[in-house]
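Visitor: Structure file target-v4.txt (compact mmCIF, C-alpha atoms) right here:
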```txt
# COMPACT_ATOMS: atom_id res chain seq x y z
CA MET P 639 6.63 -25.48 -19.60
CA ALA P 640 8.45 -23.00 -17.37
CA ARG P 641 12.03 -23.90 -16.52
CA ALA P 642 13.04 -24.64 -12.95
CA PRO P 643 14.74 -21.64 -11.32
CA LYS P 644 18.40 -21.59 -10.41
CA PRO P 645 19.21 -23.17 -7.01
CA ARG P 646 19.67 -19.84 -5.26
CA ARG P 647 16.19 -18.78 -6.36
CA LEU P 648 14.51 -22.11 -5.74
CA GLU P 649 13.33 -21.26 -2.24
CA ALA P 650 11.75 -18.01 -3.40
CA ALA P 651 10.09 -19.74 -6.35
CA LEU P 652 8.60 -22.43 -4.11
CA ALA P 653 7.21 -19.77 -1.78
CA ASP P 654 5.49 -17.90 -4.63
CA PRO P 655 1.89 -19.10 -5.12
CA MET P 656 1.37 -16.97 -8.22
CA GLY P 657 4.50 -17.51 -10.32
CA SER P 658 5.08 -20.03 -13.11
CA PHE P 659 7.09 -22.78 -11.37
CA LEU P 660 4.91 -25.89 -11.57
CA PRO P 661 6.01 -27.63 -8.34
CA ALA P 662 5.17 -24.46 -6.39
CA LEU P 663 1.80 -24.12 -8.12
CA TRP P 664 0.88 -27.73 -7.41
CA TYR P 665 1.92 -27.37 -3.77
CA HIS P 666 -0.03 -24.16 -3.19
CA GLY P 667 -3.03 -25.51 -5.07
CA LEU P 668 -3.16 -28.60 -2.86
CA ARG P 669 -2.69 -26.53 0.28
CA ASP P 670 -5.52 -24.18 -0.72
CA ARG P 671 -7.90 -27.07 -1.31
CA LEU P 672 -7.00 -28.70 2.02
CA ARG P 673 -7.70 -25.38 3.74
CA GLY P 674 -11.08 -24.97 2.06
CA ARG P 675 -9.96 -22.35 -0.45
CA ALA P 676 -10.94 -24.21 -3.62
CA ALA P 677 -11.98 -20.96 -5.33
CA ARG P 678 -8.43 -19.64 -5.03
CA ALA P 679 -7.02 -22.91 -6.38
CA ARG P 680 -9.32 -22.72 -9.42
CA ALA P 681 -8.61 -19.05 -10.04
CA ARG P 682 -4.86 -19.73 -9.94
CA TRP P 683 -5.30 -21.55 -13.26
CA GLY P 684 -7.46 -18.88 -14.85
CA ARG P 685 -10.81 -20.52 -14.16
CA VAL P 686 -12.69 -17.30 -13.51
CA ARG P 687 -15.92 -15.77 -14.78
CA ALA P 688 -16.64 -12.23 -15.83
CA PRO P 689 -19.83 -10.63 -14.46
CA ALA P 690 -22.93 -11.97 -16.19
CA ALA P 691 -23.84 -8.81 -18.09
CA ARG P 692 -23.21 -7.11 -21.41
CA GLY P 693 -20.24 -4.90 -22.17
CA ARG P 694 -16.51 -5.13 -22.73
CA VAL P 695 -14.32 -6.03 -19.77
CA VAL P 696 -11.69 -3.89 -18.09
CA TRP P 697 -9.49 -6.05 -15.89
CA LEU P 698 -7.70 -4.50 -12.90
CA VAL P 699 -4.81 -6.66 -11.65
CA ALA P 700 -3.91 -6.00 -8.00
CA GLY P 701 -1.26 -7.77 -5.94
CA ALA P 702 -0.89 -9.22 -2.47
CA THR P 703 -0.73 -6.05 -0.36
CA ARG P 704 -3.48 -4.13 1.34
CA GLU P 705 -2.32 -0.96 -0.42
CA SER P 706 -2.59 -2.60 -3.84
CA VAL P 707 -6.07 -4.01 -3.26
CA GLY P 708 -7.28 -0.78 -1.62
CA LEU P 709 -6.18 1.31 -4.59
CA GLY P 710 -7.71 -1.26 -6.94
CA VAL P 711 -11.08 -1.00 -5.19
CA ALA P 712 -10.96 2.81 -5.33
CA LEU P 713 -10.17 2.74 -9.05
CA VAL P 714 -13.02 0.34 -9.75
CA GLN P 715 -15.42 2.69 -7.97
CA ALA P 716 -14.08 5.76 -9.79
CA ILE P 717 -14.20 4.07 -13.22
CA ARG P 718 -17.75 2.87 -12.59
CA LEU P 719 -18.90 6.45 -12.02
CA ARG P 720 -17.57 7.39 -15.48
CA ARG P 721 -18.56 4.29 -17.44
CA LEU P 722 -21.70 2.27 -16.93
CA ASP P 723 -21.37 0.35 -20.20
CA ILE P 724 -18.36 -1.83 -19.33
CA ARG P 725 -17.86 -4.74 -16.99
CA LEU P 726 -15.13 -4.41 -14.39
CA VAL P 727 -13.09 -7.28 -12.96
CA LEU P 728 -10.69 -6.85 -10.03
CA THR P 729 -8.32 -9.71 -9.20
CA PHE P 730 -5.82 -9.94 -6.36
CA GLU P 731 -3.36 -12.31 -4.72
CA THR P 732 -4.54 -11.72 -1.13
CA GLU P 733 -8.11 -11.11 -0.04
CA PHE P 734 -9.02 -8.17 2.23
CA PRO P 735 -12.79 -8.51 2.90
CA ASP P 736 -13.14 -5.12 4.62
CA LEU P 737 -11.78 -3.35 1.53
CA LEU P 738 -13.73 -5.44 -0.96
CA ALA P 739 -17.00 -4.75 0.87
CA GLY P 740 -17.01 -1.37 -0.87
CA LEU P 741 -17.72 -3.11 -4.19
CA ALA P 742 -20.92 -4.81 -3.04
CA GLU P 743 -23.18 -2.15 -4.58
CA SER P 744 -21.16 -1.71 -7.78
CA PRO P 745 -23.10 -3.03 -10.81
CA LYS P 746 -21.50 -5.19 -13.52
CA THR P 747 -18.47 -5.72 -11.29
CA GLY P 748 -16.72 -8.90 -10.24
CA TRP P 749 -13.75 -9.59 -8.01
CA GLY P 750 -11.76 -12.53 -6.74
CA TYR P 751 -8.38 -14.24 -6.78
CA GLY P 752 -6.35 -13.91 -9.96
CA ALA P 753 -4.41 -16.32 -12.13
CA CYS P 754 -0.79 -17.38 -11.69
CA ASP P 755 1.82 -16.55 -14.33
CA HIS P 756 1.98 -19.99 -15.93
CA PRO P 757 1.36 -19.63 -19.70
CA LEU P 758 -1.67 -21.96 -19.56
CA ALA P 759 -3.31 -19.94 -16.78
CA VAL P 760 -2.55 -16.64 -18.48
CA SER P 761 -4.00 -17.72 -21.84
CA ARG P 762 -7.11 -19.17 -20.18
CA MET P 763 -7.66 -15.97 -18.15
CA LEU P 764 -7.37 -13.73 -21.19
CA ALA P 765 -9.60 -16.02 -23.25
CA ARG P 766 -12.34 -15.92 -20.63
CA LEU P 767 -12.21 -12.16 -20.06
CA SER P 768 -11.24 -10.95 -23.56
CA PRO P 769 -10.48 -7.58 -21.97
CA LEU P 770 -10.71 -4.20 -23.63
CA GLY P 771 -8.06 -3.02 -21.18
CA VAL P 772 -5.79 -4.31 -18.43
CA ILE P 773 -4.69 -2.08 -15.54
CA PHE P 774 -1.88 -3.24 -13.25
CA VAL P 775 -2.37 -1.66 -9.82
CA ARG P 776 0.67 -1.53 -7.56
CA ARG P 777 1.77 -4.87 -8.95
CA CYS P 778 4.76 -5.48 -11.18
CA PRO P 779 3.50 -7.27 -14.33
CA ARG P 780 4.80 -10.84 -14.27
CA PRO P 781 6.73 -12.03 -17.36
CA HIS P 782 4.19 -14.27 -19.11
CA LEU P 783 1.25 -11.97 -18.50
CA ALA P 784 3.35 -8.97 -19.55
CA ARG P 785 3.98 -10.60 -22.92
CA ALA P 786 0.43 -11.86 -23.35
CA VAL P 787 -1.28 -8.49 -22.82
CA GLY P 788 0.54 -7.21 -25.89
CA GLN P 789 -2.61 -8.26 -27.78
CA VAL P 790 -4.93 -6.30 -25.46
CA PRO P 791 -6.03 -2.94 -26.92
CA HIS P 792 -5.18 -0.90 -23.80
CA VAL P 793 -2.68 -1.51 -20.97
CA LEU P 794 -1.97 0.85 -18.07
CA VAL P 795 0.40 0.46 -15.13
CA ILE P 796 -0.18 2.34 -11.87
CA ASP P 797 2.43 2.63 -9.14
CA ALA P 798 4.63 -0.37 -10.01
CA GLU P 799 8.26 -0.95 -10.82
CA GLY P 800 9.34 -1.91 -14.34
CA PRO P 801 8.38 -5.43 -15.50
CA GLU P 802 10.69 -8.42 -15.51
CA GLY P 803 10.11 -8.83 -19.25
CA PRO P 804 8.90 -6.81 -22.26
CA LEU P 805 5.59 -5.01 -21.84
CA ARG P 806 3.67 -2.86 -24.31
CA ALA P 807 1.88 -0.28 -22.16
CA GLU P 808 -0.20 2.67 -23.27
CA ARG P 809 0.82 4.77 -20.25
CA ILE P 810 2.69 4.44 -16.97
CA TYR P 811 1.56 6.20 -13.79
CA PRO P 812 4.52 6.12 -11.34
CA SER P 813 4.25 7.31 -7.75
CA ASN P 814 7.86 8.50 -7.56
CA ALA P 815 10.66 9.49 -9.92
CA SER P 816 12.90 6.46 -9.30
CA GLN P 817 10.01 4.15 -10.06
CA GLY P 818 9.35 5.94 -13.34
CA ALA P 819 13.01 5.62 -14.31
CA SER P 820 12.68 1.81 -14.29
CA TRP P 821 10.38 1.88 -17.34
CA ARG P 822 11.43 2.04 -20.96
CA GLY P 823 9.52 2.81 -24.14
CA ALA P 824 6.21 3.96 -22.63
CA THR P 825 4.74 7.40 -22.07
CA GLN P 826 4.70 8.39 -18.42
CA ALA P 827 2.52 10.66 -16.35
CA PRO P 828 4.19 12.96 -13.82
CA ALA P 829 5.04 11.03 -10.66
CA ALA P 830 2.21 11.26 -8.11
CA ASP P 831 0.98 8.86 -5.45
CA LEU P 832 -2.72 8.30 -6.17
CA ALA P 833 -3.10 6.66 -2.76
CA THR P 834 -2.93 10.12 -1.18
CA LEU P 835 -6.46 10.67 -2.52
CA LEU P 836 -7.67 7.90 -0.18
CA ILE P 837 -6.15 9.26 3.03
CA PRO P 838 -8.53 11.08 5.41
CA ALA P 839 -7.08 14.57 5.48
CA GLN P 840 -9.25 16.21 8.16
CA VAL P 841 -9.27 14.19 11.39
CA GLU P 842 -10.17 15.54 14.80
CA PRO P 843 -7.47 14.76 17.42
CA ASN P 844 -9.94 13.11 19.82
CA PHE P 845 -7.75 10.01 19.86
CA LYS P 846 -5.29 11.81 22.15
CA SER P 847 -7.88 12.52 24.82
CA LEU P 848 -9.03 8.89 24.75
CA ILE P 849 -5.47 7.61 25.18
CA ASN P 850 -4.53 10.12 27.89
CA GLY P 851 -7.77 10.42 29.84
CA ALA P 852 -7.18 13.11 32.47
CA SER P 853 -3.41 13.09 31.92
CA SER P 854 -1.46 15.55 29.80
CA ARG P 855 1.08 13.53 27.80
CA HIS P 856 2.67 13.46 24.39
CA LEU P 857 2.04 10.67 21.90
CA TRP P 858 4.94 9.48 19.74
CA TRP P 859 4.85 7.19 16.70
CA LEU P 860 7.76 4.98 15.61
CA HIS P 861 7.77 2.91 12.41
CA GLY P 862 10.38 0.38 11.27
CA ASP P 863 11.20 -3.17 10.28
CA ASP P 864 14.49 -3.77 12.14
CA GLY P 865 13.78 -5.01 15.67
CA GLY P 866 17.32 -4.31 16.86
CA ARG P 867 17.38 -0.68 15.72
CA MET P 868 13.87 -0.11 16.98
CA GLY P 869 14.79 -1.58 20.35
CA ALA P 870 17.64 0.92 20.74
CA LEU P 871 15.36 3.81 19.82
CA LEU P 872 12.62 2.71 22.19
CA GLN P 873 15.01 2.28 25.10
CA ALA P 874 16.41 5.75 24.52
CA VAL P 875 13.18 7.69 24.13
CA ARG P 876 11.32 5.88 26.90
CA SER P 877 14.10 6.64 29.36
CA HIS P 878 13.89 10.35 28.50
CA PHE P 879 10.11 10.61 28.26
CA PRO P 880 8.89 7.94 30.72
CA ASP P 881 5.34 9.28 31.08
CA ASP P 882 4.57 9.61 27.37
CA VAL P 883 2.88 6.97 25.18
CA PHE P 884 4.67 5.28 22.27
CA PHE P 885 3.04 3.72 19.22
CA LEU P 886 4.91 1.19 17.12
CA SER P 887 4.13 0.10 13.54
CA GLY P 888 5.99 -1.99 10.98
CA ARG P 889 7.48 -5.47 11.26
CA ALA P 890 9.72 -4.39 14.13
CA SER P 891 6.69 -4.57 16.42
CA GLU P 892 6.91 -8.38 16.24
CA ALA P 893 10.09 -8.24 18.34
CA PHE P 894 8.19 -6.59 21.20
CA ALA P 895 4.94 -8.54 21.03
CA HIS P 896 5.21 -9.58 24.68
CA SER P 897 5.24 -5.98 25.93
CA LEU P 898 2.90 -4.30 23.44
CA LEU P 899 -0.73 -3.35 23.88
CA PRO P 900 -2.38 -4.03 20.48
CA LEU P 901 -4.78 -1.34 19.32
CA SER P 902 -7.11 -4.17 18.27
CA ARG P 903 -7.57 -4.98 21.98
CA TRP P 904 -7.66 -1.40 23.22
CA GLU P 905 -10.99 -0.67 24.96
CA ARG P 906 -10.89 3.09 24.36
CA ALA P 907 -9.72 3.77 27.88
CA ALA P 908 -6.67 5.70 29.05
CA VAL P 909 -3.40 3.74 28.92
CA PRO P 910 -0.57 3.94 31.48
CA GLY P 911 2.37 6.31 31.06
CA GLY P 912 5.26 4.77 29.14
CA ALA P 913 2.93 2.30 27.41
CA LEU P 914 3.98 0.66 24.14
CA VAL P 915 1.04 0.35 21.76
CA ALA P 916 1.13 -1.78 18.61
CA VAL P 917 -0.64 -0.22 15.62
CA ASP P 918 -2.14 -3.47 14.37
CA VAL P 919 -5.37 -1.80 13.21
CA LEU P 920 -4.48 0.47 10.32
CA GLN P 921 -7.80 2.32 10.47
CA TRP P 922 -6.44 4.13 13.55
CA LEU P 923 -3.44 5.57 11.69
CA PRO P 924 -5.07 8.88 10.61
CA ALA P 925 -6.27 9.50 14.17
CA LEU P 926 -2.81 8.73 15.54
CA ALA P 927 -1.14 11.05 13.01
CA ALA P 928 -3.50 13.88 13.99
CA SER P 929 -2.79 13.35 17.70
CA ALA P 930 0.93 12.52 17.85
CA THR P 931 3.50 15.20 18.54
CA GLY P 932 6.04 13.44 16.32
CA ALA P 933 6.45 10.43 14.04
CA HIS P 934 9.81 8.86 13.22
CA PHE P 935 10.41 6.39 10.37
CA GLU P 936 13.43 4.13 10.28
CA ARG P 937 12.29 3.35 6.74
CA PRO P 938 9.98 5.94 5.12
CA GLU P 939 7.37 3.53 3.79
CA PRO P 940 5.06 5.69 1.62
CA SER P 941 1.74 4.21 2.73
CA PHE P 942 2.54 5.12 6.36
CA LEU P 943 4.56 8.26 5.66
CA TRP P 944 1.77 10.02 3.72
CA VAL P 945 -0.65 9.38 6.59
CA ALA P 946 1.77 10.99 9.05
CA LEU P 947 2.23 14.00 6.78
CA ALA P 948 -1.52 14.37 6.27
CA GLY P 949 -2.13 14.28 10.02
CA GLY P 950 0.17 17.21 10.61
CA CYS P 951 2.53 15.75 13.18
CA ALA P 952 6.24 16.58 13.02
CA VAL P 953 7.83 13.87 10.84
CA SER P 954 11.41 12.58 10.75
CA CYS P 955 13.23 9.64 9.22
CA ALA P 956 16.58 7.88 9.50
CA ASP P 957 17.18 7.55 5.76
CA ILE P 958 16.42 10.75 3.89
CA ASP P 959 17.60 9.25 0.58
CA ARG P 960 14.68 6.80 0.59
CA LEU P 961 11.94 9.40 0.72
CA PRO P 962 9.40 8.90 -2.10
CA LYS P 963 10.23 12.36 -3.43
CA PRO P 964 13.26 14.59 -2.76
CA ALA P 965 11.00 17.59 -2.11
CA LEU P 966 9.71 15.91 1.05
CA SER P 967 13.04 16.62 2.74
CA GLU P 968 11.72 20.16 3.29
CA ALA P 969 9.16 18.77 5.73
CA VAL P 970 10.80 15.54 6.95
CA SER P 971 13.75 15.95 9.32
CA TRP P 972 16.76 13.69 9.02
CA LEU P 973 17.53 12.12 12.40
CA ALA P 974 20.18 9.43 12.08
CA GLY P 975 20.19 7.98 15.59
CA PRO P 976 18.77 7.97 19.13
CA ASP P 977 20.63 11.09 20.28
CA GLU P 978 19.30 13.18 17.39
CA LEU P 979 15.80 11.83 17.96
CA ILE P 980 15.85 12.62 21.68
CA GLY P 981 17.16 16.13 21.04
CA THR P 982 14.51 16.90 18.44
CA TRP P 983 11.63 15.45 20.41
CA SER P 984 12.79 17.35 23.51
CA ARG P 985 12.58 20.56 21.49
CA TYR P 986 9.08 19.67 20.31
CA ARG P 987 8.01 19.21 23.93
CA ALA P 988 9.61 22.47 25.06
CA ASP P 989 8.52 24.56 22.04
CA PRO P 990 4.98 23.68 20.85
CA ILE P 991 5.04 26.51 18.30
CA PHE P 992 8.12 25.01 16.64
CA ALA P 993 6.48 21.56 16.64
CA ARG P 994 3.32 23.00 15.06
CA GLY P 995 5.45 24.67 12.40
CA ARG P 996 6.96 21.33 11.44
CA GLY P 997 3.48 19.82 11.37
CA ASP P 998 2.25 22.62 9.10
CA ALA P 999 5.17 21.93 6.74
CA ALA P 1000 4.15 18.26 6.71
CA ARG P 1001 0.58 19.13 5.78
CA ARG P 1002 1.72 21.46 2.99
CA VAL P 1003 3.78 18.80 1.21
CA PHE P 1004 0.94 16.31 1.61
CA TRP P 1005 -1.56 18.68 0.01
CA GLU P 1006 0.82 19.48 -2.82
CA GLU P 1007 1.05 15.77 -3.58
CA ARG P 1008 -2.69 15.30 -3.22
CA ARG P 1009 -3.46 18.13 -5.65
CA LEU P 1010 -1.07 16.66 -8.21
CA ALA P 1011 -2.55 13.20 -7.66
CA GLY P 1012 -6.03 14.65 -8.28
CA GLU P 1013 -4.92 16.06 -11.63
CA ILE P 1014 -3.28 12.77 -12.65
CA ASN P 1015 -6.31 10.79 -11.52
CA GLU P 1016 -8.58 12.95 -13.67
CA GLU P 1017 -6.35 12.38 -16.70
CA LEU P 1018 -6.35 8.62 -16.00
CA LEU P 1019 -10.14 8.43 -15.78
CA GLU P 1020 -10.61 10.52 -18.91
CA ARG P 1021 -8.27 8.14 -20.76
CA ILE P 1022 -10.31 5.11 -19.69
CA PHE P 1023 -13.54 6.94 -20.57
CA ALA P 1024 -12.27 7.32 -24.15
CA TRP P 1025 -11.49 3.60 -24.61
CA SER P 1026 -13.59 1.93 -27.26
```
Turn this file's structure into structure tokens for me.
Guide:
Amino acid sequence: MARAPKPRRLEAALADPMGSFLPALWYHGLRDRLRGRAARARARWGRVRAPAARGRVVWLVAGATRESVGLGVALVQAIRLRRLDIRLVLTFETEFPDLLAGLAESPKTGWGYGACDHPLAVSRMLARLSPLGVIFVRRCPRPHLARAVGQVPHVLVIDAEGPEGPLRAERIYPSNASQGASWRGATQAPAADLATLLIPAQVEPNFKSLINGASSRHLWWLHGDDGGRMGALLQAVRSHFPDDVFFLSGRASEAFAHSLLPLSRWERAAVPGGALVAVDVLQWLPALAASATGAHFERPEPSFLWVALAGGCAVSCADIDRLPKPALSEAVSWLAGPDELIGTWSRYRADPIFARGRGDAARRVFWEERRLAGEINEELLERIFAWS
């Protein structure tokens, strides 16, 4: 039986529905059943079924984020094109029906909630699947599962930090150098973000004409998690560019919910000058990146940053040391505060050629990463093709 966590970690352990702390697992199991999610409660204890077909199983373990599940779905589809003989199982901690819909036509493929990290659930899950290989997708392998998959013939880890406990992995596929440095004793592929292969790279900037209507205005994109810092930035830039339109993404948008127009409620009509628009529908991000004059990141979160770079808008951030790769500093400007941001955006407005040059630099670094990711992805799929 797993030991109770130390007091300072108790709150976090109770909030984790997929760990190994029994009181938390009982609580979340009861809550799921009361909310009509009995399938999740059963899966938490490893009560899952592989697809009813012949063939060894490859199990892809995704996490709780949209990025993790999205990459997991894409990998399932890519593996299926190479291997028709195996069964594929994708598990996750949070369900995203729009992403999972892409698996509906995939033969010999199953998906659903995964097991928690209690030893009983882990052993039951592995017994039922008896996998040929396990692939962790943007999810740090939890301690008990990390130890248990030591008996699985093949284990890969894609875009995840080092495990909390020992893990025998065949190969690690990090998305950045610092992430790769957290692993020990496993061969590593060159750092490349495979998610860049999923980003639409050629998007027409029609979004701008829909937002502006007959007006001629600039669109600006701000991303961050700190409501206080974002409030200071918004106040500064809106006072200098009162007729432009500002888009806000990240958790900071929650602090301005009363004054934001959510994209999910936008009726594809022109919005007023100075409007604050919440990017609560991520499908609009590529169109925004292709239409915005500039995008500024208080925290350069890769899943948003790569979209901005692919769209070709001028990109800046407040913390250059947290870029996924140091080479991105050639295309991402370091703007530490409101004054620097206002000065740079004013120059973009006054000098469109300069702004386009920064956007071209953004596109170049995106395509460099995408080409590398394509090479790594090919090596990954060839490795899985050779499993027997």
Visitor: Considering only C-alpha atoms, can you say which of P:Ala690, P:Val772, P:Ala1000, P:Val917 comes closest to Pro900 in chain P?
Guide: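 Result for the nearest residue to Pro900 in chain P: P:Val917.
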Visitor: With only C-alpha atoms as the counted atoms, please give the residues lying no more than 9 Å from Gly869 in chain P, apart from itself and same-chain residues fewer than 3 positions off, as a list in words.
Guide: Asp864, Gly865, Gly866, Leu872, Gln873, Ala874, Ala890, Ala893 and Phe894 of chain P
Visitor: Quick check, in Å to one decimal: how far apart do CA of Ala819 in chain P and CA of Ser706 in chain P lie?
Guide: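 CA of Ser706 in chain P lies 20.5 Å from CA of Ala819 in chain P.
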Visitor: Between P:Gly748, P:Gly888, P:Pro791, P:Pro976, which is the closest to Leu871 in chain P once you count all atoms listed in the file?
Guide: P:Pro976
Visitor: Go through P:Ala681, P:Ala759, P:Leu886, P:Leu857 and flag the residue nearest Phe730 in chain P, using all atoms listed in the file for the distances.
Guide: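 Of P:Ala681, P:Ala759, P:Leu886, P:Leu857, the one nearest Phe730 in chain P is P:Ala681, counting all atoms listed in the file.
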Visitor: May I ask which of the residues P:Gly693, P:Pro924, P:Gly1012, P:Tyr751 is the closest one to Ala676 in chain P, counting all atoms listed in the file?
Guide: P:Tyr751
Visitor: Work out how far apart CA of Ile724 in chain P and CA of Ala807 in chain P are and give it in Å to one decimal.
Guide: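 Interatomic distance here is 20.5 Å.
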Visitor: For CA of Ile1022 in chain P and CA of Asp736 in chain P, quote the distance in Å rounded to one decimal.
Guide: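 Computed distance, CA of Ile1022 in chain P to CA of Asp736 in chain P, equals 26.5 Å.
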Visitor: Near range 937-946 of chain P, counting all atoms listed in the file, which residues have an atom at most 7 Å away, once you skip same-chain residues fewer than 5 positions from it, shown as a list in words?
Guide: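 The neighbour list is Thr834, Ile837, Gly862, Leu923, Pro924, Ala927, Cys951, Val953, Cys955, Ala956, Asp957, Arg960, Leu961, Pro962 and Phe1004 of chain P.
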Visitor: What's around Ile1014 in chain P at 12 Å? Count only C-alpha atoms, leave out sequence neighbours fewer than 5 positions away in its own chain, and write the answer as a PDB file with C-alpha atoms, in the coordinates of the input.
Guide:
```pdb
ATOM      1  CA  ILE P 796      -0.180   2.340 -11.870  1.00  0.00           C
ATOM      2  CA  ARG P 809       0.820   4.770 -20.250  1.00  0.00           C
ATOM      3  CA  ILE P 810       2.690   4.440 -16.970  1.00  0.00           C
ATOM      4  CA  TYR P 811       1.560   6.200 -13.790  1.00  0.00           C
ATOM      5  CA  PRO P 812       4.520   6.120 -11.340  1.00  0.00           C
ATOM      6  CA  SER P 813       4.250   7.310  -7.750  1.00  0.00           C
ATOM      7  CA  GLN P 826       4.700   8.390 -18.420  1.00  0.00           C
ATOM      8  CA  ALA P 827       2.520  10.660 -16.350  1.00  0.00           C
ATOM      9  CA  PRO P 828       4.190  12.960 -13.820  1.00  0.00           C
ATOM     10  CA  ALA P 829       5.040  11.030 -10.660  1.00  0.00           C
ATOM     11  CA  ALA P 830       2.210  11.260  -8.110  1.00  0.00           C
ATOM     12  CA  ASP P 831       0.980   8.860  -5.450  1.00  0.00           C
ATOM     13  CA  LEU P 832      -2.720   8.300  -6.170  1.00  0.00           C
ATOM     14  CA  ALA P 833      -3.100   6.660  -2.760  1.00  0.00           C
ATOM     15  CA  THR P 834      -2.930  10.120  -1.180  1.00  0.00           C
ATOM     16  CA  LEU P 835      -6.460  10.670  -2.520  1.00  0.00           C
ATOM     17  CA  GLU P1007       1.050  15.770  -3.580  1.00  0.00           C
ATOM     18  CA  ARG P1008      -2.690  15.300  -3.220  1.00  0.00           C
ATOM     19  CA  ARG P1009      -3.460  18.130  -5.650  1.00  0.00           C
ATOM     20  CA  LEU P1019     -10.140   8.430 -15.780  1.00  0.00           C
ATOM     21  CA  GLU P1020     -10.610  10.520 -18.910  1.00  0.00           C
ATOM     22  CA  ARG P1021      -8.270   8.140 -20.760  1.00  0.00           C
TER      23      ARG P1021
END
```
Visitor: Can you tell me, as an mmCIF file with C-alpha atoms, keeping the file's coordinate frame, what residues are no more than 9 Å from Pro779 in chain P when counting only C-alpha atoms, ignoring any on the same chain fewer than 6 positions away?
Guide:
```cif
data_model
loop_
_atom_site.group_PDB
_atom_site.id
_atom_site.type_symbol
_atom_site.label_atom_id
_atom_site.label_comp_id
_atom_site.auth_asym_id
_atom_site.auth_seq_id
_atom_site.Cartn_x
_atom_site.Cartn_y
_atom_site.Cartn_z
ATOM 1 C CA VAL P 699 -4.810 -6.660 -11.650
ATOM 2 C CA VAL P 795 0.400 0.460 -15.130
ATOM 3 C CA ALA P 798 4.630 -0.370 -10.010
ATOM 4 C CA GLU P 799 8.260 -0.950 -10.820
ATOM 5 C CA GLY P 800 9.340 -1.910 -14.340
ATOM 6 C CA PRO P 801 8.380 -5.430 -15.500
ATOM 7 C CA GLU P 802 10.690 -8.420 -15.510
ATOM 8 C CA GLY P 803 10.110 -8.830 -19.250
ATOM 9 C CA LEU P 805 5.590 -5.010 -21.840
#
```
Visitor: For Leu741 in chain P, which residue out of P:Arg985, P:Arg762, P:Arg1001, P:Arg718 is the nearest one, using only C-alpha atoms?
Guide: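 Residue with the minimum atom-to-atom distance to Leu741 in chain P: P:Arg718.
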Visitor: Identify, on the basis of only C-alpha atoms, every residue whose closest approach to Asp723 in chain P does not exceed 10 Å; exclude the query and any residue fewer than 3 positions from it along the same chain; express the result as a list in words.
Guide: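 With the cut-off at 10 Å, the set is Ala691, Arg692, Gly693, Arg694, Val695, Arg718, Arg720, Leu726 and Lys746 of chain P.
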Visitor: Determine the nearest neighbour of Gly752 in chain P from the options P:Asp654, P:Asp670, P:Glu731, P:Glu1016, counting all atoms listed in the file.
Guide: P:Glu731
Visitor: (-17.3, -2.9, -3.4) in this file's frame - what residues fall within 12 Å of it? Use only C-alpha atoms and give the answer as a PyMOL selection string.
Guide: chain P and resi 707-716+718+726-728+734-750
Visitor: Output, as lines of an AutoDock Vina configuration file, the centre and edge lengths in Å (one decimal) of the axis-aligned box that contains all listed atoms of range 712-726 of chain P with 8 Å of margin on each side.
Guide:
```
center_x = -15.9
center_y = 1.3
center_z = -12.8
size_x = 27.5
size_y = 28.1
size_z = 30.9
```
Visitor: Find the residues with any atom within 6 Å of (7.1, 5.9, 31.0); use only C-alpha atoms and the coordinates as given in the file, and write the answer as a ChimeraX atom specification.
Guide: /P:876,880-882,911-912
Visitor: Regenerate range 829-835 of chain P at the level of N, CA, C and O atoms and dump it as a PDB file, in the frame of the given file.
Guide:
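Just written: out.pdb:
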```
ATOM      1  N   ALA P 829       5.087  11.898 -11.832  1.00  0.00           N
ATOM      2  CA  ALA P 829       5.040  11.030 -10.660  1.00  0.00           C
ATOM      3  C   ALA P 829       4.134  11.620  -9.587  1.00  0.00           C
ATOM      4  O   ALA P 829       4.319  12.759  -9.150  1.00  0.00           O
ATOM      5  N   ALA P 830       3.141  10.846  -9.168  1.00  0.00           N
ATOM      6  CA  ALA P 830       2.210  11.260  -8.110  1.00  0.00           C
ATOM      7  C   ALA P 830       1.628  10.017  -7.477  1.00  0.00           C
ATOM      8  O   ALA P 830       1.284   9.056  -8.175  1.00  0.00           O
ATOM      9  N   ASP P 831       1.511  10.019  -6.169  1.00  0.00           N
ATOM     10  CA  ASP P 831       0.980   8.860  -5.450  1.00  0.00           C
ATOM     11  C   ASP P 831      -0.531   8.990  -5.347  1.00  0.00           C
ATOM     12  O   ASP P 831      -1.047   9.777  -4.542  1.00  0.00           O
ATOM     13  N   LEU P 832      -1.256   8.224  -6.162  1.00  0.00           N
ATOM     14  CA  LEU P 832      -2.720   8.300  -6.170  1.00  0.00           C
ATOM     15  C   LEU P 832      -3.325   7.875  -4.846  1.00  0.00           C
ATOM     16  O   LEU P 832      -4.465   8.247  -4.533  1.00  0.00           O
ATOM     17  N   ALA P 833      -2.576   7.104  -4.055  1.00  0.00           N
ATOM     18  CA  ALA P 833      -3.100   6.660  -2.760  1.00  0.00           C
ATOM     19  C   ALA P 833      -3.332   7.824  -1.815  1.00  0.00           C
ATOM     20  O   ALA P 833      -4.097   7.699  -0.855  1.00  0.00           O
ATOM     21  N   THR P 834      -2.696   8.968  -2.057  1.00  0.00           N
ATOM     22  CA  THR P 834      -2.930  10.120  -1.180  1.00  0.00           C
ATOM     23  C   THR P 834      -4.378  10.597  -1.277  1.00  0.00           C
ATOM     24  O   THR P 834      -4.876  11.252  -0.352  1.00  0.00           O
ATOM     25  N   LEU P 835      -5.063  10.274  -2.377  1.00  0.00           N
ATOM     26  CA  LEU P 835      -6.460  10.670  -2.520  1.00  0.00           C
ATOM     27  C   LEU P 835      -7.371   9.874  -1.582  1.00  0.00           C
ATOM     28  O   LEU P 835      -8.521  10.264  -1.356  1.00  0.00           O
TER      29      LEU P 835
END
```
